[in-house]
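Peer 1: So that you have it, the file is my_file.txt, and it contains compact mmCIF, N, CA and C atoms:
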```txt
# COMPACT_ATOMS: atom_id res chain seq x y z
N GLN A 1 115.05 93.81 100.83
CA GLN A 1 114.26 94.94 100.36
C GLN A 1 113.04 95.12 101.27
N VAL A 2 112.67 96.36 101.47
CA VAL A 2 111.55 96.69 102.34
C VAL A 2 110.40 97.22 101.50
N GLN A 3 109.20 96.75 101.79
CA GLN A 3 108.01 97.28 101.14
C GLN A 3 107.06 97.82 102.20
N LEU A 4 106.50 98.97 101.93
CA LEU A 4 105.45 99.54 102.77
C LEU A 4 104.17 99.53 101.94
N VAL A 5 103.11 99.00 102.52
CA VAL A 5 101.85 98.89 101.80
C VAL A 5 100.75 99.59 102.60
N GLU A 6 100.13 100.58 101.96
CA GLU A 6 99.03 101.30 102.58
C GLU A 6 97.69 100.66 102.23
N SER A 7 96.73 100.84 103.10
CA SER A 7 95.37 100.38 102.83
C SER A 7 94.39 101.29 103.56
N GLY A 8 93.14 101.24 103.16
CA GLY A 8 92.10 101.97 103.87
C GLY A 8 91.58 103.21 103.18
N GLY A 9 92.16 103.56 102.04
CA GLY A 9 91.67 104.74 101.34
C GLY A 9 90.31 104.49 100.73
N GLY A 10 89.70 105.56 100.23
CA GLY A 10 88.41 105.40 99.60
C GLY A 10 87.74 106.72 99.34
N LEU A 11 86.47 106.65 98.96
CA LEU A 11 85.65 107.83 98.68
C LEU A 11 84.66 108.01 99.81
N VAL A 12 84.70 109.18 100.43
CA VAL A 12 83.79 109.47 101.53
C VAL A 12 83.23 110.87 101.35
N GLN A 13 82.25 111.19 102.18
CA GLN A 13 81.68 112.53 102.16
C GLN A 13 82.32 113.39 103.24
N ALA A 14 82.23 114.67 103.08
CA ALA A 14 82.75 115.60 104.08
C ALA A 14 82.11 115.30 105.43
N GLY A 15 82.96 115.29 106.46
CA GLY A 15 82.49 114.98 107.80
C GLY A 15 82.65 113.53 108.19
N ASP A 16 82.90 112.67 107.21
CA ASP A 16 83.09 111.25 107.48
C ASP A 16 84.49 110.96 108.02
N SER A 17 84.70 109.71 108.37
CA SER A 17 85.99 109.26 108.90
C SER A 17 86.55 108.14 108.03
N LEU A 18 87.88 108.03 108.04
CA LEU A 18 88.59 106.93 107.40
C LEU A 18 89.78 106.57 108.26
N ARG A 19 90.17 105.33 108.19
CA ARG A 19 91.38 104.89 108.89
C ARG A 19 92.32 104.27 107.89
N LEU A 20 93.49 104.87 107.76
CA LEU A 20 94.53 104.34 106.89
C LEU A 20 95.49 103.48 107.71
N SER A 21 95.95 102.42 107.08
CA SER A 21 96.93 101.55 107.73
C SER A 21 98.12 101.35 106.81
N CYS A 22 99.26 101.09 107.40
CA CYS A 22 100.47 100.84 106.63
C CYS A 22 101.26 99.74 107.32
N ALA A 23 101.63 98.74 106.54
CA ALA A 23 102.40 97.63 107.09
C ALA A 23 103.67 97.43 106.27
N ALA A 24 104.72 97.05 106.97
CA ALA A 24 106.00 96.80 106.31
C ALA A 24 106.19 95.31 106.09
N SER A 25 106.85 94.98 105.01
CA SER A 25 107.19 93.59 104.74
C SER A 25 108.56 93.54 104.08
N GLY A 26 109.08 92.34 104.00
CA GLY A 26 110.39 92.18 103.39
C GLY A 26 111.48 92.11 104.45
N ARG A 27 112.57 92.71 104.17
CA ARG A 27 113.72 92.68 105.07
C ARG A 27 113.37 93.34 106.40
N ALA A 28 113.78 92.71 107.49
CA ALA A 28 113.53 93.27 108.81
C ALA A 28 114.33 94.56 108.97
N PHE A 29 113.73 95.52 109.64
CA PHE A 29 114.44 96.76 109.91
C PHE A 29 113.90 97.35 111.20
N SER A 30 114.69 98.26 111.75
CA SER A 30 114.30 98.96 112.96
C SER A 30 114.06 100.41 112.60
N ALA A 31 112.82 100.84 112.72
CA ALA A 31 112.48 102.20 112.31
C ALA A 31 112.62 103.16 113.46
N TYR A 32 113.16 104.32 113.16
CA TYR A 32 113.20 105.41 114.15
C TYR A 32 111.80 105.99 114.32
N GLY A 33 111.07 106.07 113.24
CA GLY A 33 109.72 106.58 113.27
C GLY A 33 109.05 106.34 111.95
N MET A 34 107.76 106.60 111.89
CA MET A 34 107.01 106.46 110.65
C MET A 34 106.07 107.64 110.52
N GLY A 35 105.69 107.92 109.30
CA GLY A 35 104.84 109.07 109.09
C GLY A 35 103.95 108.92 107.88
N TRP A 36 103.10 109.92 107.71
CA TRP A 36 102.19 110.00 106.57
C TRP A 36 102.39 111.34 105.86
N PHE A 37 102.42 111.27 104.57
CA PHE A 37 102.45 112.45 103.72
C PHE A 37 101.29 112.32 102.73
N ARG A 38 100.96 113.42 102.08
CA ARG A 38 99.92 113.36 101.07
C ARG A 38 100.25 114.29 99.91
N GLN A 39 99.69 113.97 98.77
CA GLN A 39 99.91 114.80 97.59
C GLN A 39 98.59 114.92 96.84
N ALA A 40 98.14 116.15 96.73
CA ALA A 40 96.93 116.45 95.99
C ALA A 40 97.29 116.77 94.54
N PRO A 41 96.34 116.64 93.62
CA PRO A 41 96.64 116.93 92.21
C PRO A 41 97.18 118.34 92.03
N GLY A 42 98.29 118.45 91.33
CA GLY A 42 98.87 119.75 91.06
C GLY A 42 99.62 120.38 92.21
N LYS A 43 99.75 119.65 93.31
CA LYS A 43 100.44 120.20 94.48
C LYS A 43 101.62 119.33 94.86
N GLU A 44 102.51 119.88 95.65
CA GLU A 44 103.65 119.13 96.13
C GLU A 44 103.23 118.21 97.28
N ARG A 45 104.04 117.19 97.48
CA ARG A 45 103.80 116.30 98.60
C ARG A 45 103.98 117.07 99.89
N GLU A 46 103.07 116.86 100.86
CA GLU A 46 103.15 117.59 102.12
C GLU A 46 103.04 116.64 103.30
N PHE A 47 103.64 117.06 104.38
CA PHE A 47 103.63 116.31 105.62
C PHE A 47 102.23 116.33 106.23
N VAL A 48 101.83 115.18 106.79
CA VAL A 48 100.54 115.08 107.47
C VAL A 48 100.75 114.79 108.96
N ALA A 49 101.43 113.70 109.26
CA ALA A 49 101.61 113.31 110.66
C ALA A 49 102.76 112.33 110.76
N ALA A 50 103.36 112.26 111.96
CA ALA A 50 104.46 111.32 112.18
C ALA A 50 104.49 110.91 113.64
N VAL A 51 105.09 109.76 113.87
CA VAL A 51 105.28 109.27 115.22
C VAL A 51 106.73 108.82 115.37
N ALA A 52 107.35 109.27 116.45
CA ALA A 52 108.71 108.83 116.77
C ALA A 52 108.60 107.63 117.70
N PHE A 53 109.20 106.52 117.31
CA PHE A 53 109.06 105.32 118.12
C PHE A 53 109.85 105.41 119.42
N THR A 54 110.89 106.21 119.45
CA THR A 54 111.60 106.46 120.70
C THR A 54 110.93 107.63 121.39
N GLY A 55 110.25 107.35 122.46
CA GLY A 55 109.56 108.41 123.19
C GLY A 55 108.09 108.51 122.88
N GLY A 56 107.71 108.07 121.69
CA GLY A 56 106.30 108.06 121.34
C GLY A 56 105.71 109.40 120.96
N ASN A 57 106.56 110.41 120.75
CA ASN A 57 106.03 111.72 120.37
C ASN A 57 105.36 111.67 119.01
N THR A 58 104.30 112.44 118.88
CA THR A 58 103.59 112.55 117.62
C THR A 58 103.62 113.98 117.12
N TYR A 59 103.52 114.12 115.82
CA TYR A 59 103.62 115.43 115.18
C TYR A 59 102.55 115.51 114.09
N TYR A 60 101.97 116.70 113.96
CA TYR A 60 100.89 116.88 113.00
C TYR A 60 101.06 118.19 112.24
N ALA A 61 100.61 118.16 111.00
CA ALA A 61 100.48 119.41 110.26
C ALA A 61 99.33 120.21 110.87
N ASP A 62 99.44 121.51 110.83
CA ASP A 62 98.40 122.36 111.41
C ASP A 62 97.04 122.07 110.79
N SER A 63 97.03 121.73 109.53
CA SER A 63 95.77 121.53 108.82
C SER A 63 94.99 120.31 109.29
N VAL A 64 95.65 119.40 110.01
CA VAL A 64 94.97 118.18 110.44
C VAL A 64 94.90 118.04 111.95
N LYS A 65 95.51 118.94 112.68
CA LYS A 65 95.49 118.86 114.14
C LYS A 65 94.07 118.86 114.67
N GLY A 66 93.81 117.96 115.60
CA GLY A 66 92.48 117.87 116.17
C GLY A 66 91.53 116.98 115.39
N ARG A 67 91.92 116.63 114.16
CA ARG A 67 91.05 115.78 113.34
C ARG A 67 91.70 114.41 113.05
N PHE A 68 93.01 114.39 112.90
CA PHE A 68 93.73 113.16 112.57
C PHE A 68 94.52 112.70 113.79
N THR A 69 94.64 111.38 113.92
CA THR A 69 95.44 110.79 114.98
C THR A 69 96.32 109.70 114.40
N ILE A 70 97.61 109.79 114.67
CA ILE A 70 98.55 108.78 114.18
C ILE A 70 98.91 107.84 115.32
N SER A 71 99.08 106.57 115.00
CA SER A 71 99.53 105.59 115.97
C SER A 71 100.46 104.62 115.26
N GLY A 72 101.41 104.09 116.01
CA GLY A 72 102.39 103.21 115.39
C GLY A 72 102.81 102.09 116.32
N ASP A 73 103.37 101.06 115.72
CA ASP A 73 103.88 99.91 116.46
C ASP A 73 105.31 99.68 116.00
N ASN A 74 106.27 99.93 116.89
CA ASN A 74 107.66 99.84 116.48
C ASN A 74 108.17 98.40 116.44
N VAL A 75 107.41 97.47 116.94
CA VAL A 75 107.79 96.06 116.84
C VAL A 75 107.38 95.51 115.48
N LYS A 76 106.15 95.83 115.10
CA LYS A 76 105.63 95.34 113.82
C LYS A 76 105.94 96.30 112.67
N ASN A 77 106.45 97.47 112.98
CA ASN A 77 106.69 98.49 111.95
C ASN A 77 105.41 98.79 111.16
N THR A 78 104.39 99.11 111.91
CA THR A 78 103.12 99.50 111.30
C THR A 78 102.75 100.90 111.80
N VAL A 79 101.95 101.56 111.00
CA VAL A 79 101.47 102.88 111.38
C VAL A 79 100.06 103.04 110.84
N ALA A 80 99.23 103.72 111.61
CA ALA A 80 97.86 103.96 111.19
C ALA A 80 97.55 105.44 111.32
N LEU A 81 96.59 105.88 110.54
CA LEU A 81 96.16 107.28 110.59
C LEU A 81 94.64 107.29 110.65
N GLN A 82 94.11 107.69 111.79
CA GLN A 82 92.67 107.84 111.95
C GLN A 82 92.30 109.25 111.53
N MET A 83 91.47 109.35 110.52
CA MET A 83 91.10 110.66 109.99
C MET A 83 89.62 110.90 110.24
N ASN A 84 89.33 111.90 111.04
CA ASN A 84 87.94 112.26 111.37
C ASN A 84 87.62 113.63 110.78
N TRP A 85 86.34 113.88 110.67
CA TRP A 85 85.88 115.19 110.16
C TRP A 85 86.61 115.56 108.87
N LEU A 86 86.60 114.64 107.95
CA LEU A 86 87.30 114.86 106.69
C LEU A 86 86.70 116.01 105.89
N LYS A 87 87.55 116.73 105.20
CA LYS A 87 87.15 117.87 104.39
C LYS A 87 87.53 117.60 102.93
N PRO A 88 86.88 118.26 101.99
CA PRO A 88 87.27 118.09 100.59
C PRO A 88 88.75 118.38 100.34
N GLU A 89 89.31 119.31 101.08
CA GLU A 89 90.73 119.64 100.90
C GLU A 89 91.67 118.57 101.42
N ASP A 90 91.14 117.54 102.07
CA ASP A 90 91.95 116.40 102.47
C ASP A 90 92.14 115.40 101.31
N THR A 91 91.45 115.64 100.21
CA THR A 91 91.56 114.75 99.06
C THR A 91 92.99 114.73 98.54
N ALA A 92 93.56 113.54 98.46
CA ALA A 92 94.95 113.40 98.03
C ALA A 92 95.31 111.91 98.01
N ILE A 93 96.47 111.64 97.48
CA ILE A 93 97.07 110.32 97.65
C ILE A 93 97.89 110.38 98.93
N TYR A 94 97.65 109.43 99.81
CA TYR A 94 98.34 109.39 101.09
C TYR A 94 99.42 108.32 101.06
N TYR A 95 100.61 108.71 101.49
CA TYR A 95 101.77 107.84 101.49
C TYR A 95 102.27 107.63 102.91
N CYS A 96 102.58 106.40 103.24
CA CYS A 96 103.27 106.18 104.50
C CYS A 96 104.76 106.04 104.22
N ALA A 97 105.55 106.31 105.23
CA ALA A 97 106.99 106.29 105.07
C ALA A 97 107.65 105.93 106.40
N ALA A 98 108.86 105.42 106.30
CA ALA A 98 109.59 104.99 107.50
C ALA A 98 111.00 105.57 107.50
N VAL A 99 111.44 105.94 108.69
CA VAL A 99 112.80 106.44 108.89
C VAL A 99 113.64 105.35 109.52
N VAL A 100 114.72 104.99 108.87
CA VAL A 100 115.64 104.00 109.42
C VAL A 100 116.93 104.68 109.86
N THR A 101 117.44 105.54 109.04
CA THR A 101 118.68 106.26 109.35
C THR A 101 118.33 107.72 109.62
N TRP A 102 118.54 108.14 110.85
CA TRP A 102 118.19 109.51 111.24
C TRP A 102 119.22 110.48 110.66
N GLU A 103 118.72 111.47 109.88
CA GLU A 103 119.60 112.44 109.26
C GLU A 103 119.37 113.85 109.76
N SER A 104 118.54 113.98 110.81
CA SER A 104 118.33 115.27 111.49
C SER A 104 117.58 116.30 110.66
N HIS A 105 116.88 115.87 109.60
CA HIS A 105 116.01 116.83 108.91
C HIS A 105 114.77 117.10 109.74
N GLY A 106 114.32 116.06 110.44
CA GLY A 106 113.08 116.15 111.19
C GLY A 106 112.00 115.30 110.57
N LEU A 107 111.11 114.80 111.40
CA LEU A 107 110.08 113.89 110.91
C LEU A 107 109.05 114.58 110.02
N GLY A 108 109.07 115.88 110.01
CA GLY A 108 108.15 116.60 109.15
C GLY A 108 108.65 116.80 107.73
N TYR A 109 109.82 116.26 107.43
CA TYR A 109 110.44 116.49 106.13
C TYR A 109 110.59 115.18 105.37
N ALA A 110 110.17 115.17 104.13
CA ALA A 110 110.22 113.96 103.33
C ALA A 110 111.64 113.43 103.19
N ASP A 111 112.63 114.31 103.18
CA ASP A 111 114.02 113.89 103.02
C ASP A 111 114.51 113.01 104.15
N GLU A 112 113.80 113.04 105.28
CA GLU A 112 114.22 112.23 106.42
C GLU A 112 113.91 110.75 106.23
N TYR A 113 112.96 110.44 105.37
CA TYR A 113 112.42 109.10 105.25
C TYR A 113 113.18 108.25 104.24
N ASP A 114 113.36 106.98 104.61
CA ASP A 114 114.13 106.07 103.78
C ASP A 114 113.26 105.16 102.91
N TYR A 115 112.10 104.81 103.40
CA TYR A 115 111.22 103.91 102.66
C TYR A 115 109.84 104.54 102.51
N TRP A 116 109.23 104.29 101.36
CA TRP A 116 107.92 104.87 101.04
C TRP A 116 107.00 103.81 100.48
N GLY A 117 105.71 103.96 100.79
CA GLY A 117 104.70 103.12 100.17
C GLY A 117 104.29 103.68 98.82
N GLN A 118 103.42 102.96 98.15
CA GLN A 118 102.94 103.36 96.83
C GLN A 118 101.79 104.35 96.90
N GLY A 119 101.18 104.47 98.06
CA GLY A 119 100.11 105.44 98.22
C GLY A 119 98.73 104.84 98.14
N THR A 120 97.79 105.50 98.80
CA THR A 120 96.38 105.11 98.74
C THR A 120 95.54 106.37 98.56
N GLN A 121 94.57 106.29 97.68
CA GLN A 121 93.78 107.47 97.34
C GLN A 121 92.69 107.72 98.38
N VAL A 122 92.61 108.95 98.82
CA VAL A 122 91.52 109.40 99.69
C VAL A 122 90.79 110.52 98.95
N THR A 123 89.51 110.35 98.75
CA THR A 123 88.70 111.36 98.07
C THR A 123 87.54 111.74 98.97
N VAL A 124 87.42 113.04 99.24
CA VAL A 124 86.37 113.54 100.11
C VAL A 124 85.47 114.45 99.28
N SER A 125 84.22 114.07 99.16
CA SER A 125 83.27 114.86 98.38
C SER A 125 82.54 115.83 99.30
N SER A 126 82.15 116.96 98.72
CA SER A 126 81.46 117.98 99.52
C SER A 126 79.97 117.75 99.56
```
Show me, as structure tokens, the structure contained in the file I just sent.
Peer 2:
Amino acid sequence: QVQLVESGGGLVQAGDSLRLSCAASGRAFSAYGMGWFRQAPGKEREFVAAVAFTGGNTYYADSVKGRFTISGDNVKNTVALQMNWLKPEDTAIYYCAAVVTWESHGLGYADEYDYWGQGTQVTVSS
């Protein structure tokens, strides 16, 4: 069994920075890529950022481009999300996820991911 555990969430003010981390444990696996999604109260889960371990390409939602940076380690199966210039609308539970079996949905789609963490709360006050 695989577990993904997020850390680094918290309460910050608008304009501040946070760094989220996600580490895998349990059964060894080889990930195609890893990503971050978020879900705000009353809203659906949405894509934030992803990294493809083959090639190293990164992908971002338009709402976070230029402010967030994703990085990953395909040996350790870890992924981090550096979030700068945080806004109140970034408030959400952030989930990391890993793709093991590529199903061609794309890294921007939750259906592509096989494993999910429990989430970490990020709250940005104005």
Peer 1: Among chain A, which ones does DSSP place in helix (DSSP H, G or I), written as a list of chain:residue names?
Peer 2: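 Reading the DSSP output for chain A, helix (DSSP H, G or I) covers A:Pro88, A:Glu89, A:Asp90, A:Ala110, A:Asp111, A:Glu112.
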Peer 1: Please identify which residues in chain A DSSP calls strand (DSSP E or B) from the backbone, and express them as a JSON list (two decimals) with N, CA and C atoms, in the coordinates of the input.
Peer 2:
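Wrote it out as states-v2.json, contents follow:
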```json
[["chain", "number", "residue", "atom", "x", "y", "z"],
["A", 2, "VAL", "N", 112.67, 96.36, 101.47],
["A", 2, "VAL", "CA", 111.55, 96.69, 102.34],
["A", 2, "VAL", "C", 110.40, 97.22, 101.50],
["A", 3, "GLN", "N", 109.20, 96.75, 101.79],
["A", 3, "GLN", "CA", 108.01, 97.28, 101.14],
["A", 3, "GLN", "C", 107.06, 97.82, 102.20],
["A", 4, "LEU", "N", 106.50, 98.97, 101.93],
["A", 4, "LEU", "CA", 105.45, 99.54, 102.77],
["A", 4, "LEU", "C", 104.17, 99.53, 101.94],
["A", 5, "VAL", "N", 103.11, 99.00, 102.52],
["A", 5, "VAL", "CA", 101.85, 98.89, 101.80],
["A", 5, "VAL", "C", 100.75, 99.59, 102.60],
["A", 6, "GLU", "N", 100.13, 100.58, 101.96],
["A", 6, "GLU", "CA", 99.03, 101.30, 102.58],
["A", 6, "GLU", "C", 97.69, 100.66, 102.23],
["A", 7, "SER", "N", 96.73, 100.84, 103.10],
["A", 7, "SER", "CA", 95.37, 100.38, 102.83],
["A", 7, "SER", "C", 94.39, 101.29, 103.56],
["A", 10, "GLY", "N", 89.70, 105.56, 100.23],
["A", 10, "GLY", "CA", 88.41, 105.40, 99.60],
["A", 10, "GLY", "C", 87.74, 106.72, 99.34],
["A", 11, "LEU", "N", 86.47, 106.65, 98.96],
["A", 11, "LEU", "CA", 85.65, 107.83, 98.68],
["A", 11, "LEU", "C", 84.66, 108.01, 99.81],
["A", 12, "VAL", "N", 84.70, 109.18, 100.43],
["A", 12, "VAL", "CA", 83.79, 109.47, 101.53],
["A", 12, "VAL", "C", 83.23, 110.87, 101.35],
["A", 13, "GLN", "N", 82.25, 111.19, 102.18],
["A", 13, "GLN", "CA", 81.68, 112.53, 102.16],
["A", 13, "GLN", "C", 82.32, 113.39, 103.24],
["A", 18, "LEU", "N", 87.88, 108.03, 108.04],
["A", 18, "LEU", "CA", 88.59, 106.93, 107.40],
["A", 18, "LEU", "C", 89.78, 106.57, 108.26],
["A", 19, "ARG", "N", 90.17, 105.33, 108.19],
["A", 19, "ARG", "CA", 91.38, 104.89, 108.89],
["A", 19, "ARG", "C", 92.32, 104.27, 107.89],
["A", 20, "LEU", "N", 93.49, 104.87, 107.76],
["A", 20, "LEU", "CA", 94.53, 104.34, 106.89],
["A", 20, "LEU", "C", 95.49, 103.48, 107.71],
["A", 21, "SER", "N", 95.95, 102.42, 107.08],
["A", 21, "SER", "CA", 96.93, 101.55, 107.73],
["A", 21, "SER", "C", 98.12, 101.35, 106.81],
["A", 22, "CYS", "N", 99.26, 101.09, 107.40],
["A", 22, "CYS", "CA", 100.47, 100.84, 106.63],
["A", 22, "CYS", "C", 101.26, 99.74, 107.32],
["A", 23, "ALA", "N", 101.63, 98.74, 106.54],
["A", 23, "ALA", "CA", 102.40, 97.63, 107.09],
["A", 23, "ALA", "C", 103.67, 97.43, 106.27],
["A", 24, "ALA", "N", 104.72, 97.05, 106.97],
["A", 24, "ALA", "CA", 106.00, 96.80, 106.31],
["A", 24, "ALA", "C", 106.19, 95.31, 106.09],
["A", 25, "SER", "N", 106.85, 94.98, 105.01],
["A", 25, "SER", "CA", 107.19, 93.59, 104.74],
["A", 25, "SER", "C", 108.56, 93.54, 104.08],
["A", 26, "GLY", "N", 109.08, 92.34, 104.00],
["A", 26, "GLY", "CA", 110.39, 92.18, 103.39],
["A", 26, "GLY", "C", 111.48, 92.11, 104.45],
["A", 33, "GLY", "N", 111.07, 106.07, 113.24],
["A", 33, "GLY", "CA", 109.72, 106.58, 113.27],
["A", 33, "GLY", "C", 109.05, 106.34, 111.95],
["A", 34, "MET", "N", 107.76, 106.60, 111.89],
["A", 34, "MET", "CA", 107.01, 106.46, 110.65],
["A", 34, "MET", "C", 106.07, 107.64, 110.52],
["A", 35, "GLY", "N", 105.69, 107.92, 109.30],
["A", 35, "GLY", "CA", 104.84, 109.07, 109.09],
["A", 35, "GLY", "C", 103.95, 108.92, 107.88],
["A", 36, "TRP", "N", 103.10, 109.92, 107.71],
["A", 36, "TRP", "CA", 102.19, 110.00, 106.57],
["A", 36, "TRP", "C", 102.39, 111.34, 105.86],
["A", 37, "PHE", "N", 102.42, 111.27, 104.57],
["A", 37, "PHE", "CA", 102.45, 112.45, 103.72],
["A", 37, "PHE", "C", 101.29, 112.32, 102.73],
["A", 38, "ARG", "N", 100.96, 113.42, 102.08],
["A", 38, "ARG", "CA", 99.92, 113.36, 101.07],
["A", 38, "ARG", "C", 100.25, 114.29, 99.91],
["A", 39, "GLN", "N", 99.69, 113.97, 98.77],
["A", 39, "GLN", "CA", 99.91, 114.80, 97.59],
["A", 39, "GLN", "C", 98.59, 114.92, 96.84],
["A", 46, "GLU", "N", 103.07, 116.86, 100.86],
["A", 46, "GLU", "CA", 103.15, 117.59, 102.12],
["A", 46, "GLU", "C", 103.04, 116.64, 103.30],
["A", 47, "PHE", "N", 103.64, 117.06, 104.38],
["A", 47, "PHE", "CA", 103.63, 116.31, 105.62],
["A", 47, "PHE", "C", 102.23, 116.33, 106.23],
["A", 48, "VAL", "N", 101.83, 115.18, 106.79],
["A", 48, "VAL", "CA", 100.54, 115.08, 107.47],
["A", 48, "VAL", "C", 100.75, 114.79, 108.96],
["A", 49, "ALA", "N", 101.43, 113.70, 109.26],
["A", 49, "ALA", "CA", 101.61, 113.31, 110.66],
["A", 49, "ALA", "C", 102.76, 112.33, 110.76],
["A", 50, "ALA", "N", 103.36, 112.26, 111.96],
["A", 50, "ALA", "CA", 104.46, 111.32, 112.18],
["A", 50, "ALA", "C", 104.49, 110.91, 113.64],
["A", 51, "VAL", "N", 105.09, 109.76, 113.87],
["A", 51, "VAL", "CA", 105.28, 109.27, 115.22],
["A", 51, "VAL", "C", 106.73, 108.82, 115.37],
["A", 52, "ALA", "N", 107.35, 109.27, 116.45],
["A", 52, "ALA", "CA", 108.71, 108.83, 116.77],
["A", 52, "ALA", "C", 108.60, 107.63, 117.70],
["A", 58, "THR", "N", 104.30, 112.44, 118.88],
["A", 58, "THR", "CA", 103.59, 112.55, 117.62],
["A", 58, "THR", "C", 103.62, 113.98, 117.12],
["A", 59, "TYR", "N", 103.52, 114.12, 115.82],
["A", 59, "TYR", "CA", 103.62, 115.43, 115.18],
["A", 59, "TYR", "C", 102.55, 115.51, 114.09],
["A", 60, "TYR", "N", 101.97, 116.70, 113.96],
["A", 60, "TYR", "CA", 100.89, 116.88, 113.00],
["A", 60, "TYR", "C", 101.06, 118.19, 112.24],
["A", 68, "PHE", "N", 93.01, 114.39, 112.90],
["A", 68, "PHE", "CA", 93.73, 113.16, 112.57],
["A", 68, "PHE", "C", 94.52, 112.70, 113.79],
["A", 69, "THR", "N", 94.64, 111.38, 113.92],
["A", 69, "THR", "CA", 95.44, 110.79, 114.98],
["A", 69, "THR", "C", 96.32, 109.70, 114.40],
["A", 70, "ILE", "N", 97.61, 109.79, 114.67],
["A", 70, "ILE", "CA", 98.55, 108.78, 114.18],
["A", 70, "ILE", "C", 98.91, 107.84, 115.32],
["A", 71, "SER", "N", 99.08, 106.57, 115.00],
["A", 71, "SER", "CA", 99.53, 105.59, 115.97],
["A", 71, "SER", "C", 100.46, 104.62, 115.26],
["A", 72, "GLY", "N", 101.41, 104.09, 116.01],
["A", 72, "GLY", "CA", 102.39, 103.21, 115.39],
["A", 72, "GLY", "C", 102.81, 102.09, 116.32],
["A", 73, "ASP", "N", 103.37, 101.06, 115.72],
["A", 73, "ASP", "CA", 103.88, 99.91, 116.46],
["A", 73, "ASP", "C", 105.31, 99.68, 116.00],
["A", 78, "THR", "N", 104.39, 99.11, 111.91],
["A", 78, "THR", "CA", 103.12, 99.50, 111.30],
["A", 78, "THR", "C", 102.75, 100.90, 111.80],
["A", 79, "VAL", "N", 101.95, 101.56, 111.00],
["A", 79, "VAL", "CA", 101.47, 102.88, 111.38],
["A", 79, "VAL", "C", 100.06, 103.04, 110.84],
["A", 80, "ALA", "N", 99.23, 103.72, 111.61],
["A", 80, "ALA", "CA", 97.86, 103.96, 111.19],
["A", 80, "ALA", "C", 97.55, 105.44, 111.32],
["A", 81, "LEU", "N", 96.59, 105.88, 110.54],
["A", 81, "LEU", "CA", 96.16, 107.28, 110.59],
["A", 81, "LEU", "C", 94.64, 107.29, 110.65],
["A", 82, "GLN", "N", 94.11, 107.69, 111.79],
["A", 82, "GLN", "CA", 92.67, 107.84, 111.95],
["A", 82, "GLN", "C", 92.30, 109.25, 111.53],
["A", 83, "MET", "N", 91.47, 109.35, 110.52],
["A", 83, "MET", "CA", 91.10, 110.66, 109.99],
["A", 83, "MET", "C", 89.62, 110.90, 110.24],
["A", 92, "ALA", "N", 93.56, 113.54, 98.46],
["A", 92, "ALA", "CA", 94.95, 113.40, 98.03],
["A", 92, "ALA", "C", 95.31, 111.91, 98.01],
["A", 93, "ILE", "N", 96.47, 111.64, 97.48],
["A", 93, "ILE", "CA", 97.07, 110.32, 97.65],
["A", 93, "ILE", "C", 97.89, 110.38, 98.93],
["A", 94, "TYR", "N", 97.65, 109.43, 99.81],
["A", 94, "TYR", "CA", 98.34, 109.39, 101.09],
["A", 94, "TYR", "C", 99.42, 108.32, 101.06],
["A", 95, "TYR", "N", 100.61, 108.71, 101.49],
["A", 95, "TYR", "CA", 101.77, 107.84, 101.49],
["A", 95, "TYR", "C", 102.27, 107.63, 102.91],
["A", 96, "CYS", "N", 102.58, 106.40, 103.24],
["A", 96, "CYS", "CA", 103.27, 106.18, 104.50],
["A", 96, "CYS", "C", 104.76, 106.04, 104.22],
["A", 97, "ALA", "N", 105.55, 106.31, 105.23],
["A", 97, "ALA", "CA", 106.99, 106.29, 105.07],
["A", 97, "ALA", "C", 107.65, 105.93, 106.40],
["A", 98, "ALA", "N", 108.86, 105.42, 106.30],
["A", 98, "ALA", "CA", 109.59, 104.99, 107.50],
["A", 98, "ALA", "C", 111.00, 105.57, 107.50],
["A", 99, "VAL", "N", 111.44, 105.94, 108.69],
["A", 99, "VAL", "CA", 112.80, 106.44, 108.89],
["A", 99, "VAL", "C", 113.64, 105.35, 109.52],
["A", 115, "TYR", "N", 112.10, 104.81, 103.40],
["A", 115, "TYR", "CA", 111.22, 103.91, 102.66],
["A", 115, "TYR", "C", 109.84, 104.54, 102.51],
["A", 116, "TRP", "N", 109.23, 104.29, 101.36],
["A", 116, "TRP", "CA", 107.92, 104.87, 101.04],
["A", 116, "TRP", "C", 107.00, 103.81, 100.48],
["A", 117, "GLY", "N", 105.71, 103.96, 100.79],
["A", 117, "GLY", "CA", 104.70, 103.12, 100.17],
["A", 117, "GLY", "C", 104.29, 103.68, 98.82],
["A", 120, "THR", "N", 97.79, 105.50, 98.80],
["A", 120, "THR", "CA", 96.38, 105.11, 98.74],
["A", 120, "THR", "C", 95.54, 106.37, 98.56],
["A", 121, "GLN", "N", 94.57, 106.29, 97.68],
["A", 121, "GLN", "CA", 93.78, 107.47, 97.34],
["A", 121, "GLN", "C", 92.69, 107.72, 98.38],
["A", 122, "VAL", "N", 92.61, 108.95, 98.82],
["A", 122, "VAL", "CA", 91.52, 109.40, 99.69],
["A", 122, "VAL", "C", 90.79, 110.52, 98.95],
["A", 123, "THR", "N", 89.51, 110.35, 98.75],
["A", 123, "THR", "CA", 88.70, 111.36, 98.07],
["A", 123, "THR", "C", 87.54, 111.74, 98.97],
["A", 124, "VAL", "N", 87.42, 113.04, 99.24],
["A", 124, "VAL", "CA", 86.37, 113.54, 100.11],
["A", 124, "VAL", "C", 85.47, 114.45, 99.28],
["A", 125, "SER", "N", 84.22, 114.07, 99.16],
["A", 125, "SER", "CA", 83.27, 114.86, 98.38],
["A", 125, "SER", "C", 82.54, 115.83, 99.30]]
```
Peer 1: Please report the interatomic distance between atom N of A:Gly56 and atom C of A:Ala31 in Å with one decimal.
Peer 2: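 Computing the Euclidean distance for atom N of A:Gly56 and atom C of A:Ala31 yields 10.8 Å.
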Peer 1: For each of A:Gly33, A:Gly42, A:Gly15, A:Gly117, take the minimum atom-to-atom distance to A:Asn84, counting all atoms listed in the file, then give the residue where this is smallest.
Peer 2: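 Using all atoms listed in the file, A:Asn84 sits closest to A:Gly15.
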Peer 1: With only N, CA and C atoms as the basis for distance, which of A:Ser17, A:Ala92, A:Ala24, A:Glu46 is at the shortest distance from A:Val2?
Peer 2: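 The closest residue to A:Val2 is A:Ala24.
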